[in-house]
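This report concerns only the one structure given below.
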Amino acid sequence: MIFRTKNNQMDDSSSSLSSTDSDFDDFSDFLMLYLLSDYNEKFIEKIPQRTSVLSGEDFVKQLLGGHERTCYELLRMDKNVFVELCTCLKQKEYIKDTREVKVEKSVAIFLMIVGQNMRMRLIADRFQHSLETIDRHFRLTLKAICKLGQDIIRPTQSPLPSRIVNSSKYYPWFQNCIGAIDGTHVSACVPADKQVSYRGRKNVVTQNVLCACNFDMFFTFVFAGWEGTANDSRVFIDAITTPEYKFPLPKEGEYYVLDSRFPCTKGFLPPYRGERYHLQEYNSGRNGPRGMKELFNYRHSSPRNVIERCFGVLKARFPILKMMSPYKLSRQTLIVIACCTLHNFIRQCTQYDHMFREWEEKELESEDNIEGCETSVSRYEVNLSDESATAMARVRDRIAQTMWGTYNNRN
């Protein structure tokens, strides 16, 4: 009986193994058929995906040969500026033609991504290339433009604008001012485990970018990559005290204007804290300055306004800075630098760009509304001591007192 029971168990086990082998064979046959079918579809009877009559190269030619406004709306710059940008990148050998993509097409791909905030799948369809090709040339162009940024994001000889020099409200009070500094928040896309440090005061994930500019609306320094929660003063101190960043420090006696979030120290002139500052706080001329500190703050805000206009032009031209695509963080930082580089290049090539003129007019309008109220860089060691802060505060007091006396005498 025992022997018989064992034989029965062995028979059942053999039957089970036979069933398993059969199932495995069926699965193997199915997998083999699937792989053969997939291979056949991709390589033997391949169905073309990018089949538009208008190729990417033809699209770029059509843009350059078409209406000026169409090129500006799609590439965010005039046709002559686009051609000059491509020529400059080729001459400096920052980017080269490849067998499948020429420089003009590669630059157009980049500009449409940052200027229209288009996803790469849409760009791949527009330019009739694979996603891998689009991504590769986006990265190549990004690096090339950042290299160009090393050449053109730098201090330049830029005199005070005539509206300041010819106005007794600003001159000679700010004759030693060489530019303005401020920070701005740019959209960021980060992994969930890093979002806390990048989520700023408006509960939006951003990176903090510190910039300096001159009065011709050129960026002279760009420092990107800090988390959105980073304090502006901390970013500023890191930028000016770290030699590797090569911050363009002012010469002796010169200074930048910045807002009250930044420290008052040698070469950097903020307004008085605790006093009215922004132009709109003066209620369109019906509520003028009530003391020397308010008068200083009111007039200080106008030359500092140039950095706000630079940020306005930058973000209006490149919407990707308002809604960043999910690139890795290092690429997001380079995108900010590349956009600032393009900003400078456009300004360098033409003084009549539509967006620059629009924001210049906004600045003049805001000043007119309250009219009734009254580069070679020499470096010095950054001094953030109490003595340095006291010395710069004395300079501010001296300007404010003289300004207030002149204001009262005239009125």
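In the structure tokens, chains take letters A, B, ... by order of appearance, with residues numbered from 1 within each chain and ligands from 1 in the order shown.
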
Quiz prompt | Near-Arg299 (chain A) list (8 Å; only C-alpha atoms; drop same-chain fewer than 3 positions) as a PyMOL selection string | solution = chain A and resi 169-170+295-296+302-303

Those same residues - N, CA and C atoms - I'd like them written as a compact mmCIF listing (two decimals), in the first residue's frame.
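out-v9.txt, freshly written:
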# COMPACT_ATOMS: atom_id res chain seq x y z
N LYS A 169 17.36 115.75 -10.47
CA LYS A 169 16.88 114.82 -9.44
C LYS A 169 17.90 113.73 -9.18
N TYR A 170 18.69 113.36 -10.20
CA TYR A 170 19.59 112.22 -10.09
C TYR A 170 21.07 112.60 -10.18
N LEU A 295 13.43 111.07 0.52
CA LEU A 295 13.84 111.65 -0.76
C LEU A 295 14.96 110.82 -1.38
N PHE A 296 15.92 110.42 -0.55
CA PHE A 296 17.01 109.57 -1.06
C PHE A 296 16.45 108.25 -1.60
N SER A 302 14.98 104.91 -8.80
CA SER A 302 14.93 105.06 -10.26
C SER A 302 16.16 104.45 -10.94
N PRO A 303 17.40 104.77 -10.54
CA PRO A 303 18.53 104.08 -11.18
C PRO A 303 18.54 102.58 -10.90

Practice problem: Can you list, as an NGL selection string, all residues belonging to region 9-245 of chain A that DSSP tags as helix (DSSP H, G or I)? | Solution: :A and (9-44 or 56-65 or 68-75 or 79-91 or 103-116 or 120-127 or 131-152 or 162-165 or 192-198 or 232-241 or 243-245)

Practice problem: Using CA of Ser330 (chain A) and CA of Thr229 (chain A) as the two end points, give the distance in Å to one decimal. | Solution: 17.9 Å

Self-check item: Of the listed residues A:Ile178, A:Val114, A:Met392, A:Ala188, that which approaches Val257 (chain A) most closely, counting only C-alpha atoms
Solution: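 Nearest to Val257 (chain A): A:Ile178.
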
Quiz item: Can you list, as an MDAnalysis selection string, every protein, DNA or RNA residue that comes within 12 Å of Asp151 (chain A) when you count only C-alpha atoms, leaving out same-chain residues fewer than 6 positions away?
Solution: chainID A and resid 88:89 92 94 144:145 219:221 341:342 344:345

Quiz item: Near Cys213 (chain A), within 12 Å and counting only C-alpha atoms, which residues show up once chain neighbours fewer than 6 positions away are dropped, as JSON, numbers by chain?
Solution: {"A": [153, 154, 155, 156, 157, 158, 177, 178, 179, 180, 181, 182, 183, 219, 220, 221, 222, 247, 248, 256, 257, 258, 303, 304, 305, 306, 307, 308, 309, 310, 311, 340, 343, 344]}

Quiz item: Looking at only C-alpha atoms, which of A:Glu252, A:Glu294, A:Glu100, A:Asp29 is the one that sits closest to Tyr407 (chain A)?
Solution: A:Glu294

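Closest to Leu63 (chain A) among A:Lys105, A:Phe215, A:Arg99, A:Leu33 is A:Lys105, based on only C-alpha atoms.
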
Quiz item: Could you name the residues that touch Thr87 (chain A) at 12 Å or less, counting only C-alpha atoms, but leaving out those on the same chain fewer than 3 positions away, as a ChimeraX atom specification?
Solution: /A:80-84,90-97,102-104,107

List the spatial neighbours of Gly267 (chain A) as an mmCIF file with C-alpha atoms, in the first residue's frame - criterion: any atom at most 9 Å away, only C-alpha atoms, same-chain residues fewer than 2 positions off excluded.
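Saved as selection06.cif:
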data_model
loop_
_atom_site.group_PDB
_atom_site.id
_atom_site.type_symbol
_atom_site.label_atom_id
_atom_site.label_comp_id
_atom_site.auth_asym_id
_atom_site.auth_seq_id
_atom_site.Cartn_x
_atom_site.Cartn_y
_atom_site.Cartn_z
ATOM 1 C CA LEU A 249 33.822 94.582 -8.155
ATOM 2 C CA PRO A 250 33.596 98.384 -8.521
ATOM 3 C CA LYS A 251 36.639 100.616 -8.578
ATOM 4 C CA GLU A 252 37.482 102.834 -5.643
ATOM 5 C CA GLY A 253 34.765 105.455 -5.164
ATOM 6 C CA GLU A 254 32.243 103.673 -7.421
ATOM 7 C CA TYR A 255 29.283 101.610 -6.298
ATOM 8 C CA TYR A 256 26.269 99.557 -7.312
ATOM 9 C CA VAL A 257 22.741 100.386 -6.184
ATOM 10 C CA CYS A 264 25.395 98.217 3.130
ATOM 11 C CA THR A 265 29.135 97.867 2.581
ATOM 12 C CA LEU A 269 24.666 101.329 -1.795
ATOM 13 C CA VAL A 382 35.867 92.676 -0.277
ATOM 14 C CA MET A 392 29.289 103.413 3.236
#

Quiz item: Do you have the CA of Ile134 (chain A)-CA of Leu334 (chain A) distance handy?
Solution: 17.3 Å

Exercise. Write out as number ranges by chain the residues lying within 7 Å of region 397-401 of chain A, counting only C-alpha atoms and excluding same-chain residues fewer than 5 positions away.
Key: A: 173, 292-293, 296

Quiz item: With distances taken over only C-alpha atoms, which of A:Leu321, A:Ala338, A:Ile123, A:Ala108 is nearest to Lys61 (chain A)?
Solution: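 Using only C-alpha atoms, Lys61 (chain A) sits closest to A:Ala108.
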
Quiz prompt | Between CA of Pro263 (chain A) and CA of Gly200 (chain A) - distance in Å to one decimal | solution = 20.9 Å
